[in-house]
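S.K.: Input file: input_18.cif. Contents: mmCIF, C-alpha atoms.
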```
data_input
#
loop_
_atom_site.label_atom_id
_atom_site.label_comp_id
_atom_site.auth_asym_id
_atom_site.auth_seq_id
_atom_site.Cartn_x
_atom_site.Cartn_y
_atom_site.Cartn_z
CA MET T 13 -6.58 15.12 10.63
CA LYS T 14 -8.87 12.33 11.73
CA LYS T 15 -7.66 8.79 11.26
CA GLY T 16 -9.68 6.85 8.71
CA PHE T 17 -11.76 3.78 9.49
CA VAL T 18 -11.13 0.33 8.06
CA LEU T 19 -14.17 -1.81 7.29
CA TRP T 20 -12.74 -5.31 7.03
CA LEU T 21 -15.32 -7.40 5.17
CA THR T 22 -14.68 -11.11 5.68
CA GLY T 23 -16.76 -13.99 4.39
CA LEU T 24 -17.06 -16.82 1.91
CA PRO T 25 -16.58 -16.31 -1.82
CA GLY T 26 -19.96 -15.21 -3.13
CA SER T 27 -21.14 -13.82 0.22
CA GLY T 28 -21.34 -10.30 -1.21
CA LYS T 29 -18.17 -8.60 0.00
CA THR T 30 -17.13 -6.97 -3.26
CA THR T 31 -20.62 -5.86 -4.24
CA LEU T 32 -21.19 -4.33 -0.82
CA SER T 33 -17.80 -2.62 -0.91
CA TYR T 34 -18.57 -0.67 -4.05
CA ILE T 35 -22.05 0.29 -2.88
CA LEU T 36 -20.53 1.58 0.35
CA LYS T 37 -17.78 3.41 -1.53
CA ASP T 38 -20.35 5.22 -3.69
CA HIS T 39 -22.37 6.14 -0.63
CA LEU T 40 -19.38 7.46 1.31
CA SER T 41 -17.77 9.22 -1.66
CA ALA T 42 -21.07 11.02 -2.25
CA LYS T 43 -20.71 12.40 1.27
CA GLY T 44 -17.26 13.72 0.36
CA LEU T 45 -15.23 11.17 2.30
CA PRO T 46 -12.00 9.83 0.85
CA VAL T 47 -12.52 6.08 0.43
CA GLU T 48 -10.41 3.34 -1.09
CA VAL T 49 -11.66 -0.18 -1.74
CA LEU T 50 -9.01 -2.85 -1.33
CA ASP T 51 -10.56 -5.79 -3.07
CA GLY T 52 -8.58 -8.96 -2.42
CA ASP T 53 -8.45 -10.03 -6.04
CA GLU T 54 -7.48 -6.60 -7.33
CA VAL T 55 -4.78 -6.04 -4.73
CA ARG T 56 -3.36 -9.49 -5.47
CA LYS T 57 -2.67 -8.46 -9.06
CA ASN T 58 -0.51 -5.61 -7.84
CA LEU T 59 1.05 -6.79 -4.61
CA SER T 60 0.98 -10.57 -4.69
CA PRO T 61 0.88 -11.85 -8.27
CA ASN T 62 3.14 -14.77 -7.39
CA LEU T 63 1.22 -15.93 -4.34
CA GLY T 64 -1.21 -18.83 -4.37
CA PHE T 65 -3.92 -19.89 -1.95
CA THR T 66 -2.11 -21.98 0.63
CA LYS T 67 -2.67 -20.86 4.20
CA GLU T 68 0.83 -19.39 4.23
CA ASP T 69 0.33 -17.43 1.00
CA ARG T 70 -3.08 -16.20 2.09
CA GLU T 71 -1.52 -14.99 5.33
CA ILE T 72 1.26 -13.08 3.58
CA HIS T 73 -1.32 -11.48 1.32
CA ALA T 74 -3.63 -10.56 4.22
CA LYS T 75 -0.70 -8.91 5.99
CA ARG T 76 0.07 -6.82 2.93
CA VAL T 77 -3.55 -5.71 2.72
CA ALA T 78 -3.49 -4.83 6.42
CA TYR T 79 -0.27 -2.85 5.98
CA VAL T 80 -1.67 -0.83 3.07
CA SER T 81 -4.90 -0.26 5.02
CA GLN T 82 -2.85 1.04 7.92
CA LEU T 83 -0.92 3.47 5.69
CA LEU T 84 -4.14 4.83 4.20
CA ALA T 85 -6.07 5.04 7.47
CA ARG T 86 -3.34 6.85 9.36
CA ASN T 87 -3.43 9.50 6.64
CA GLY T 88 -7.15 10.03 6.99
CA VAL T 89 -8.28 7.80 4.12
CA ASN T 90 -11.15 5.44 4.86
CA VAL T 91 -10.69 1.90 3.64
CA ILE T 92 -13.07 -0.89 2.71
CA VAL T 93 -11.35 -4.27 2.53
CA ALA T 94 -13.08 -7.11 0.70
CA LEU T 95 -11.00 -10.18 1.54
CA ILE T 96 -12.08 -13.72 2.38
CA SER T 97 -9.43 -13.73 5.16
CA PRO T 98 -10.58 -17.15 6.32
CA TYR T 99 -8.48 -17.53 9.46
CA ARG T 100 -9.16 -15.73 12.72
CA SER T 101 -5.47 -15.08 13.21
CA PHE T 102 -5.36 -13.06 9.94
CA ARG T 103 -8.21 -10.82 11.07
CA ASP T 104 -6.83 -10.48 14.59
CA ASN T 105 -3.48 -9.47 13.14
CA ALA T 106 -5.14 -6.81 11.00
CA ARG T 107 -7.02 -5.48 14.02
CA GLU T 108 -3.80 -5.31 15.97
CA MET T 109 -1.94 -3.52 13.18
CA ILE T 110 -4.65 -0.97 12.55
CA GLY T 111 -6.06 -0.41 16.03
CA GLU T 112 -8.74 2.21 16.51
CA GLY T 113 -11.20 2.47 13.65
CA PHE T 114 -10.87 -1.18 12.60
CA PHE T 115 -14.17 -2.99 12.21
CA GLU T 116 -14.42 -6.68 11.43
CA ILE T 117 -17.64 -7.24 9.51
CA TRP T 118 -18.76 -10.75 8.78
CA ILE T 119 -20.59 -10.92 5.46
CA LYS T 120 -22.57 -14.04 6.14
CA ALA T 121 -24.23 -16.47 3.76
CA THR T 122 -24.38 -20.24 3.72
CA PRO T 123 -22.08 -22.16 1.38
CA GLU T 124 -25.19 -23.36 -0.47
CA THR T 125 -26.31 -19.81 -1.22
CA CYS T 126 -22.80 -18.74 -2.19
CA ARG T 127 -22.56 -21.72 -4.50
CA GLN T 128 -25.80 -20.73 -6.22
CA ARG T 129 -24.68 -17.13 -6.64
CA ASP T 130 -21.14 -18.10 -7.74
CA PRO T 131 -20.36 -14.65 -9.24
CA LYS T 132 -16.81 -15.61 -10.24
CA GLY T 133 -17.52 -19.19 -11.28
CA LEU T 134 -15.27 -20.50 -8.50
CA TYR T 135 -17.73 -23.06 -7.14
CA LYS T 136 -18.18 -24.46 -10.62
CA LYS T 137 -14.41 -24.72 -11.00
CA ALA T 138 -14.11 -26.46 -7.63
CA SER T 139 -16.82 -28.98 -8.62
CA ALA T 140 -14.96 -29.65 -11.86
CA GLY T 141 -11.73 -30.20 -9.93
CA GLN T 142 -10.05 -27.21 -11.58
CA ILE T 143 -9.25 -25.56 -8.26
CA ASN T 144 -8.61 -27.32 -5.00
CA ASN T 145 -8.59 -24.71 -2.29
CA LEU T 146 -11.91 -22.90 -2.41
CA THR T 147 -12.75 -21.50 1.00
CA GLY T 148 -15.89 -23.04 2.46
CA ILE T 149 -15.72 -26.07 0.18
CA GLN T 150 -12.17 -27.37 0.20
CA ASP T 151 -10.51 -24.94 2.60
CA PRO T 152 -11.70 -23.95 6.07
CA TYR T 153 -13.46 -20.72 6.95
CA GLU T 154 -13.15 -19.84 10.61
CA GLU T 155 -16.30 -17.94 11.47
CA PRO T 156 -15.75 -14.71 13.40
CA LEU T 157 -16.30 -15.18 17.13
CA ASN T 158 -16.76 -11.57 18.05
CA PRO T 159 -17.12 -9.41 14.92
CA ASP T 160 -18.10 -5.76 15.14
CA LEU T 161 -21.05 -6.53 12.89
CA ILE T 162 -22.71 -9.49 11.18
CA VAL T 163 -24.42 -8.80 7.87
CA ASP T 164 -26.57 -11.70 6.75
CA THR T 165 -26.91 -11.24 3.00
CA GLU T 166 -29.46 -14.02 2.75
CA ALA T 167 -31.82 -12.36 5.23
CA LYS T 168 -31.33 -8.85 3.84
CA ASN T 169 -31.05 -7.44 0.34
CA ILE T 170 -27.94 -5.59 -0.70
CA ASP T 171 -29.18 -2.07 0.07
CA ASP T 172 -30.38 -3.02 3.53
CA SER T 173 -27.08 -4.78 4.09
CA ALA T 174 -25.16 -1.62 3.18
CA GLU T 175 -27.44 0.37 5.46
CA LEU T 176 -26.46 -1.83 8.41
CA ILE T 177 -22.82 -0.92 7.87
CA ILE T 178 -23.64 2.77 7.46
CA SER T 179 -25.51 2.59 10.78
CA LEU T 180 -22.44 1.10 12.44
CA LEU T 181 -20.33 4.02 11.20
CA LYS T 182 -22.91 6.45 12.57
CA ARG T 183 -22.96 4.74 15.96
CA LYS T 184 -19.17 4.96 16.04
CA HIS T 185 -19.30 8.66 15.10
CA TYR T 186 -17.52 8.28 11.77
CA LEU T 187 -20.63 9.58 10.03
CA ASN T 188 -23.32 12.06 11.00
CA MET X 29 -10.05 16.61 -3.08
CA LYS X 30 -6.70 17.39 -4.64
CA LYS X 31 -4.53 14.50 -5.70
CA GLY X 32 -1.33 14.20 -3.69
CA PHE X 33 2.15 14.57 -5.10
CA VAL X 34 4.77 11.83 -5.16
CA LEU X 35 8.38 12.87 -4.65
CA TRP X 36 10.34 9.89 -5.94
CA LEU X 37 13.86 10.21 -4.51
CA THR X 38 16.30 8.01 -6.41
CA GLY X 39 20.05 7.73 -5.87
CA LEU X 40 22.92 5.66 -4.57
CA PRO X 41 22.93 4.17 -1.07
CA GLY X 42 24.29 6.92 1.16
CA SER X 43 23.26 9.75 -1.15
CA GLY X 44 20.89 11.17 1.45
CA LYS X 45 17.44 9.96 0.34
CA THR X 46 16.16 8.79 3.72
CA THR X 47 17.54 11.72 5.68
CA LEU X 48 16.03 14.17 3.21
CA SER X 49 12.70 12.34 3.26
CA TYR X 50 12.19 12.78 6.97
CA ILE X 51 13.28 16.42 6.92
CA LEU X 52 10.76 17.04 4.13
CA LYS X 53 8.07 15.13 5.98
CA ASP X 54 8.54 17.27 9.10
CA HIS X 55 8.43 20.42 7.03
CA LEU X 56 5.28 19.44 5.15
CA SER X 57 3.51 17.98 8.18
CA ALA X 58 4.12 21.25 10.02
CA LYS X 59 2.18 22.94 7.22
CA GLY X 60 -0.72 20.57 7.87
CA LEU X 61 -0.27 18.39 4.78
CA PRO X 62 -0.84 14.65 5.02
CA VAL X 63 2.50 13.04 4.14
CA GLU X 64 3.69 9.47 4.13
CA VAL X 65 7.32 8.45 3.71
CA LEU X 66 7.77 5.17 1.87
CA ASP X 67 11.33 4.27 2.70
CA GLY X 68 12.52 1.37 0.58
CA ASP X 69 13.98 -0.58 3.49
CA GLU X 70 10.94 -0.09 5.72
CA VAL X 71 8.44 -1.00 3.01
CA ARG X 72 10.45 -4.10 2.17
CA LYS X 73 9.92 -5.43 5.69
CA ASN X 74 6.17 -5.25 5.20
CA LEU X 75 5.58 -5.89 1.52
CA SER X 76 8.60 -7.76 0.25
CA PRO X 77 10.34 -9.62 3.09
CA ASN X 78 11.14 -12.55 0.79
CA LEU X 79 12.61 -10.52 -2.04
CA GLY X 80 16.31 -10.06 -2.60
CA PHE X 81 18.30 -7.59 -4.67
CA THR X 82 18.41 -9.12 -8.11
CA LYS X 83 17.18 -6.83 -10.87
CA GLU X 84 13.96 -8.83 -11.03
CA ASP X 85 13.32 -8.63 -7.29
CA ARG X 86 14.15 -4.94 -7.19
CA GLU X 87 11.68 -4.39 -10.01
CA ILE X 88 8.86 -6.25 -8.25
CA HIS X 89 9.54 -4.22 -5.12
CA ALA X 90 9.65 -0.91 -7.01
CA LYS X 91 6.28 -1.74 -8.59
CA ARG X 92 4.76 -2.39 -5.17
CA VAL X 93 6.06 0.92 -3.90
CA ALA X 94 4.64 2.64 -6.99
CA TYR X 95 1.26 0.95 -6.48
CA VAL X 96 1.05 2.01 -2.83
CA SER X 97 2.14 5.55 -3.78
CA GLN X 98 -0.64 5.63 -6.35
CA LEU X 99 -3.26 4.54 -3.80
CA LEU X 100 -2.15 7.20 -1.34
CA ALA X 101 -1.80 10.01 -3.88
CA ARG X 102 -5.18 9.46 -5.48
CA ASN X 103 -6.71 9.85 -2.04
CA GLY X 104 -5.01 13.17 -1.44
CA VAL X 105 -2.06 11.91 0.58
CA ASN X 106 1.36 13.25 -0.40
CA VAL X 107 4.12 10.67 -0.65
CA ILE X 108 7.87 10.81 -0.35
CA VAL X 109 9.54 7.69 -1.73
CA ALA X 110 13.14 6.95 -0.74
CA LEU X 111 14.19 4.10 -3.01
CA ILE X 112 17.46 3.48 -4.85
CA SER X 113 15.37 2.40 -7.88
CA PRO X 114 18.52 2.00 -9.95
CA TYR X 115 17.00 1.31 -13.37
CA ARG X 116 15.38 3.93 -15.56
CA SER X 117 12.61 1.53 -16.48
CA PHE X 118 11.56 1.27 -12.80
CA ARG X 119 11.26 5.03 -12.48
CA ASP X 120 9.54 5.40 -15.83
CA ASN X 121 7.03 2.75 -14.79
CA ALA X 122 6.31 4.62 -11.55
CA ARG X 123 5.82 7.86 -13.46
CA GLU X 124 3.42 6.12 -15.81
CA MET X 125 1.43 4.53 -12.97
CA ILE X 126 1.14 7.73 -10.96
CA GLY X 127 0.88 10.36 -13.68
CA GLU X 128 0.30 13.96 -12.64
CA GLY X 129 2.07 14.99 -9.47
CA PHE X 130 4.95 12.53 -9.90
CA PHE X 131 8.40 14.06 -9.57
CA GLU X 132 11.61 12.13 -10.14
CA ILE X 133 14.29 13.67 -7.96
CA TRP X 134 17.85 12.53 -8.34
CA ILE X 135 19.68 12.68 -5.02
CA LYS X 136 23.18 12.92 -6.38
CA ALA X 137 26.50 12.15 -4.76
CA THR X 138 29.58 10.37 -6.05
CA PRO X 139 30.16 6.74 -5.06
CA GLU X 140 33.29 7.90 -3.19
CA THR X 141 31.30 10.29 -1.01
CA CYS X 142 28.56 7.72 -0.42
CA ARG X 143 31.19 5.19 0.57
CA GLN X 144 32.64 7.62 3.11
CA ARG X 145 29.22 8.38 4.58
CA ASP X 146 28.11 4.73 4.55
CA PRO X 147 25.23 5.29 7.02
CA LYS X 148 24.08 1.68 6.90
CA GLY X 149 27.51 0.05 6.70
CA LEU X 150 26.70 -1.35 3.25
CA TYR X 151 29.90 -0.23 1.56
CA LYS X 152 31.92 -1.83 4.33
CA LYS X 153 29.98 -5.06 3.86
CA ALA X 154 30.54 -4.95 0.11
CA SER X 155 34.29 -4.45 0.62
CA ALA X 156 34.34 -7.41 2.98
CA GLY X 157 32.50 -9.53 0.41
CA GLN X 158 29.46 -9.95 2.68
CA ILE X 159 27.08 -8.54 0.07
CA ASN X 160 27.49 -8.75 -3.66
CA ASN X 161 24.91 -6.47 -5.20
CA LEU X 162 25.46 -3.01 -3.80
CA THR X 163 24.23 -0.41 -6.25
CA GLY X 164 27.02 1.82 -7.54
CA ILE X 165 29.72 -0.66 -6.60
CA GLN X 166 28.64 -4.10 -7.74
CA ASP X 167 25.30 -3.31 -9.37
CA PRO X 168 24.59 -0.62 -11.96
CA TYR X 169 22.92 2.70 -11.26
CA GLU X 170 21.35 4.23 -14.35
CA GLU X 171 21.55 7.98 -13.86
CA PRO X 172 18.32 9.86 -14.56
CA LEU X 173 18.33 11.41 -18.03
CA ASN X 174 15.58 13.92 -17.47
CA PRO X 175 14.69 14.13 -13.77
CA ASP X 176 12.35 16.83 -12.47
CA LEU X 177 15.12 17.95 -10.13
CA ILE X 178 18.74 17.14 -9.31
CA VAL X 179 19.81 17.63 -5.71
CA ASP X 180 23.58 17.46 -5.32
CA THR X 181 24.11 16.59 -1.67
CA GLU X 182 27.85 17.13 -1.95
CA ALA X 183 27.47 20.70 -3.17
CA LYS X 184 24.67 21.56 -0.72
CA ASN X 185 24.06 20.80 2.92
CA ILE X 186 20.96 18.91 3.94
CA ASP X 187 18.77 21.93 4.76
CA ASP X 188 19.57 23.63 1.48
CA SER X 189 18.92 20.36 -0.30
CA ALA X 190 15.48 20.11 1.30
CA GLU X 191 14.81 23.73 0.36
CA LEU X 192 15.44 22.92 -3.31
CA ILE X 193 12.67 20.33 -3.19
CA ILE X 194 10.32 22.67 -1.33
CA SER X 195 10.94 25.25 -4.07
CA LEU X 196 10.01 22.69 -6.71
CA LEU X 197 6.69 22.06 -4.92
CA LYS X 198 6.05 25.79 -4.82
CA ARG X 199 6.79 26.19 -8.52
CA LYS X 200 4.39 23.35 -9.23
CA HIS X 201 1.72 24.98 -7.02
CA TYR X 202 1.59 22.18 -4.47
CA LEU X 203 2.73 24.64 -1.79
CA ASN X 204 2.20 28.37 -1.29
#
```
Would you put the structure from the file into structure tokens?

M.R.:
Amino acid sequence: MKKGFVLWLTGLPGSGKTTLSYILKDHLSAKGLPVEVLDGDEVRKNLSPNLGFTKEDREIHAKRVAYVSQLLARNGVNVIVALISPYRSFRDNAREMIGEGFFEIWIKATPETCRQRDPKGLYKKASAGQINNLTGIQDPYEEPLNPDLIVDTEAKNIDDSAELIISLLKRKHYLN
Amino acid sequence: MKKGFVLWLTGLPGSGKTTLSYILKDHLSAKGLPVEVLDGDEVRKNLSPNLGFTKEDREIHAKRVAYVSQLLARNGVNVIVALISPYRSFRDNAREMIGEGFFEIWIKATPETCRQRDPKGLYKKASAGQINNLTGIQDPYEEPLNPDLIVDTEAKNIDDSAELIISLLKRKHYLN
């Protein structure tokens, strides 16, 4: 059995992580690969309903996501993680836990663009003072220094963005 | 892709859940099946390090184990859970989450036998007053009313006990 890969999509809220994840999942599932999307918000409901968005709580949550990714990947299931994971140490920890097959992919868009997209209404809430820890506005986002791939979702549309990630998997021999 | 099965081993501390889990894992892995053991104590370290052993904390932990089992099983990975899971509602919830392929297996031994075995020294600690919530001694264990299988580890040795579970998988057409 071949170990699965873990595509760890990091980026600001509204950068396109979740949308890309499900496009990739459809693409890979159509090729017959087992794929699980671990979307930060969804996983929170199940594993971390009592955690908030302090750095400490975000770290605990990111570790849980990394642990579940590890369990899936070592059993041959491919994983797509969509998680802001704003601190380098969180992503480095995930890479260390998972090892081979881990790919840090920076889904990149400027805060201004993300604010305009605002798919979950978070930027609006932050402006209204209803939340106080939105990454990129009120909380820091540590940009990846050496990601396996940068996907600029302002420069490319969503299909071309997905294609970039597919190409990475081909180069790494996870796809033909 | 065939959905994986989930063998949910419930029983008192010292009943033999962990030992049986790893024997079963070896047996199934040797047949080429992907298998993950979710041992309650191990999973706690990763998913629930801050939880204790109140009913509420045990319930949160059991739900996390059920969620991870569900993720693995729906991707074709077979799961062996070794978790005291002392309340019927916890096990019923897991069965509901996982659905087809879920098997509740009661690993049965009397509290006296478990106390004599005491593989983790928990009964000794309870006697010394160092812990105050040991299932079967200080905390309740709700015996399964309608488990898929009862494995009496006093009446049978460990290999025969494992064989009973293998036979269940054969009857349910998960093994040839």

S.K.: Go through the shown structure with the PyMOL selection byres ((chain T and resi 54) around 12) and write out the matching residues as a ChimeraX atom specification.

M.R.: /T:30,49-53,55-61,73,77,93-95 /X:95

S.K.: Mind dumping the selected residues with C-alpha atoms as a short mmCIF file (atom, residue, chain, number, x, y, z; two decimals), in the frame of the given file?

M.R.:
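As written to disk, result-v7.cif reads:
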```cif
data_model
loop_
_atom_site.label_atom_id
_atom_site.label_comp_id
_atom_site.auth_asym_id
_atom_site.auth_seq_id
_atom_site.Cartn_x
_atom_site.Cartn_y
_atom_site.Cartn_z
CA THR T 30 -17.13 -6.97 -3.26
CA VAL T 49 -11.66 -0.18 -1.74
CA LEU T 50 -9.01 -2.85 -1.33
CA ASP T 51 -10.56 -5.79 -3.07
CA GLY T 52 -8.58 -8.96 -2.42
CA ASP T 53 -8.45 -10.03 -6.04
CA VAL T 55 -4.78 -6.04 -4.73
CA ARG T 56 -3.36 -9.49 -5.47
CA LYS T 57 -2.67 -8.46 -9.06
CA ASN T 58 -0.51 -5.61 -7.84
CA LEU T 59 1.05 -6.79 -4.61
CA SER T 60 0.98 -10.57 -4.69
CA PRO T 61 0.88 -11.85 -8.27
CA HIS T 73 -1.32 -11.48 1.32
CA VAL T 77 -3.55 -5.71 2.72
CA VAL T 93 -11.35 -4.27 2.53
CA ALA T 94 -13.08 -7.11 0.70
CA LEU T 95 -11.00 -10.18 1.54
CA TYR X 95 1.26 0.95 -6.48
#
```

S.K.: Taking only C-alpha atoms into account, what are the residues of chain T at most 12 Å from chain X, put as a VMD selection string?

M.R.: chain T and resid 13 to 16 41 44 to 50 54 to 63 69 72 to 91 109

S.K.: As an mmCIF file with C-alpha atoms, in the frame of the given file, please: the residues near Asp120 in chain X (cut-off 12 Å, all atoms listed in the file, same-chain neighbours under 5 positions excluded).

M.R.:
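Contents of result-v8.cif, freshly written:
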```
data_model
loop_
_atom_site.group_PDB
_atom_site.id
_atom_site.type_symbol
_atom_site.label_atom_id
_atom_site.label_comp_id
_atom_site.auth_asym_id
_atom_site.auth_seq_id
_atom_site.Cartn_x
_atom_site.Cartn_y
_atom_site.Cartn_z
ATOM 1 C CA TRP X 36 10.340 9.890 -5.940
ATOM 2 C CA THR X 38 16.300 8.010 -6.410
ATOM 3 C CA GLU X 87 11.680 -4.390 -10.010
ATOM 4 C CA ALA X 90 9.650 -0.910 -7.010
ATOM 5 C CA LYS X 91 6.280 -1.740 -8.590
ATOM 6 C CA ALA X 94 4.640 2.640 -6.990
ATOM 7 C CA SER X 113 15.370 2.400 -7.880
ATOM 8 C CA PRO X 114 18.520 2.000 -9.950
ATOM 9 C CA TYR X 115 17.000 1.310 -13.370
ATOM 10 C CA MET X 125 1.430 4.530 -12.970
ATOM 11 C CA ILE X 126 1.140 7.730 -10.960
ATOM 12 C CA GLY X 127 0.880 10.360 -13.680
ATOM 13 C CA PHE X 130 4.950 12.530 -9.900
ATOM 14 C CA PHE X 131 8.400 14.060 -9.570
ATOM 15 C CA GLU X 132 11.610 12.130 -10.140
ATOM 16 C CA GLU X 170 21.350 4.230 -14.350
ATOM 17 C CA PRO X 172 18.320 9.860 -14.560
ATOM 18 C CA LEU X 173 18.330 11.410 -18.030
ATOM 19 C CA ASN X 174 15.580 13.920 -17.470
ATOM 20 C CA PRO X 175 14.690 14.130 -13.770
#
```

S.K.: Between CA of Glu175 in chain T and CA of Thr31 in chain T, what distance in Å does the model show, to one decimal?

M.R.: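 So the two atoms, CA of Glu175 in chain T and CA of Thr31 in chain T, lie 13.4 Å apart.
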
S.K.: Fewer than 4 positions away in the same chain doesn't count, so skip those; otherwise give me all residues within 12 Å of Lys43 in chain T, counting all atoms listed in the file, as a ChimeraX atom specification.

M.R.: /T:36-39,47,178,186-188

S.K.: Which value, in Å to one decimal, gives the distance between CA of Phe118 in chain X and CA of Gln144 in chain X?

M.R.: 27.2 Å

S.K.: For the file shown, report as a VMD selection string the outcome of the PyMOL selection byres ((chain T and resi 151) around 12) at residue level.

M.R.: chain T and resid 24 to 25 65 to 67 70 96 to 99 123 138 143 to 150 152 to 154

S.K.: May I ask you to restore N, CA and C atoms in range 116-137 of chain X and write the result as an mmCIF file, in the coordinates of the input?

M.R.:
```
data_model
loop_
_atom_site.group_PDB
_atom_site.id
_atom_site.type_symbol
_atom_site.label_atom_id
_atom_site.label_comp_id
_atom_site.auth_asym_id
_atom_site.auth_seq_id
_atom_site.Cartn_x
_atom_site.Cartn_y
_atom_site.Cartn_z
ATOM 1 N N ARG X 116 16.285 2.919 -14.997
ATOM 2 C CA ARG X 116 15.380 3.930 -15.560
ATOM 3 C C ARG X 116 13.984 3.369 -15.764
ATOM 4 N N SER X 117 13.934 2.116 -16.189
ATOM 5 C CA SER X 117 12.610 1.530 -16.480
ATOM 6 C C SER X 117 11.739 1.488 -15.226
ATOM 7 N N PHE X 118 12.351 1.295 -14.048
ATOM 8 C CA PHE X 118 11.560 1.270 -12.800
ATOM 9 C C PHE X 118 10.920 2.639 -12.561
ATOM 10 N N ARG X 119 11.753 3.676 -12.755
ATOM 11 C CA ARG X 119 11.260 5.030 -12.480
ATOM 12 C C ARG X 119 10.243 5.451 -13.535
ATOM 13 N N ASP X 120 10.499 5.066 -14.768
ATOM 14 C CA ASP X 120 9.540 5.400 -15.830
ATOM 15 C C ASP X 120 8.200 4.706 -15.579
ATOM 16 N N ASN X 121 8.262 3.480 -15.098
ATOM 17 C CA ASN X 121 7.030 2.750 -14.790
ATOM 18 C C ASN X 121 6.255 3.445 -13.664
ATOM 19 N N ALA X 122 6.976 3.910 -12.661
ATOM 20 C CA ALA X 122 6.310 4.620 -11.550
ATOM 21 C C ALA X 122 5.655 5.898 -12.059
ATOM 22 N N ARG X 123 6.368 6.619 -12.912
ATOM 23 C CA ARG X 123 5.820 7.860 -13.460
ATOM 24 C C ARG X 123 4.538 7.564 -14.254
ATOM 25 N N GLU X 124 4.573 6.486 -15.003
ATOM 26 C CA GLU X 124 3.420 6.120 -15.810
ATOM 27 C C GLU X 124 2.223 5.725 -14.930
ATOM 28 N N MET X 125 2.507 4.964 -13.857
ATOM 29 C CA MET X 125 1.430 4.530 -12.970
ATOM 30 C C MET X 125 0.785 5.713 -12.265
ATOM 31 N N ILE X 126 1.620 6.669 -11.847
ATOM 32 C CA ILE X 126 1.140 7.730 -10.960
ATOM 33 C C ILE X 126 0.653 8.952 -11.743
ATOM 34 N N GLY X 127 1.323 9.249 -12.832
ATOM 35 C CA GLY X 127 0.880 10.360 -13.680
ATOM 36 C C GLY X 127 1.130 11.713 -13.032
ATOM 37 N N GLU X 128 0.151 12.584 -13.133
ATOM 38 C CA GLU X 128 0.300 13.960 -12.640
ATOM 39 C C GLU X 128 0.723 13.977 -11.181
ATOM 40 N N GLY X 129 1.637 14.862 -10.860
ATOM 41 C CA GLY X 129 2.070 14.990 -9.470
ATOM 42 C C GLY X 129 3.275 14.126 -9.136
ATOM 43 N N PHE X 130 3.764 13.357 -10.116
ATOM 44 C CA PHE X 130 4.950 12.530 -9.900
ATOM 45 C C PHE X 130 6.196 13.340 -10.234
ATOM 46 N N PHE X 131 7.156 13.349 -9.314
ATOM 47 C CA PHE X 131 8.400 14.060 -9.570
ATOM 48 C C PHE X 131 9.592 13.159 -9.283
ATOM 49 N N GLU X 132 10.394 12.931 -10.298
ATOM 50 C CA GLU X 132 11.610 12.130 -10.140
ATOM 51 C C GLU X 132 12.722 13.070 -9.681
ATOM 52 N N ILE X 133 13.263 12.800 -8.517
ATOM 53 C CA ILE X 133 14.290 13.670 -7.960
ATOM 54 C C ILE X 133 15.553 12.855 -7.731
ATOM 55 N N TRP X 134 16.577 13.256 -8.430
ATOM 56 C CA TRP X 134 17.850 12.530 -8.340
ATOM 57 C C TRP X 134 18.673 13.096 -7.176
ATOM 58 N N ILE X 135 18.837 12.285 -6.157
ATOM 59 C CA ILE X 135 19.680 12.680 -5.020
ATOM 60 C C ILE X 135 21.094 12.217 -5.376
ATOM 61 N N LYS X 136 21.916 13.207 -5.704
ATOM 62 C CA LYS X 136 23.180 12.920 -6.380
ATOM 63 C C LYS X 136 24.383 13.088 -5.460
ATOM 64 N N ALA X 137 25.206 12.067 -5.441
ATOM 65 C CA ALA X 137 26.500 12.150 -4.760
ATOM 66 C C ALA X 137 27.387 11.099 -5.406
#
```
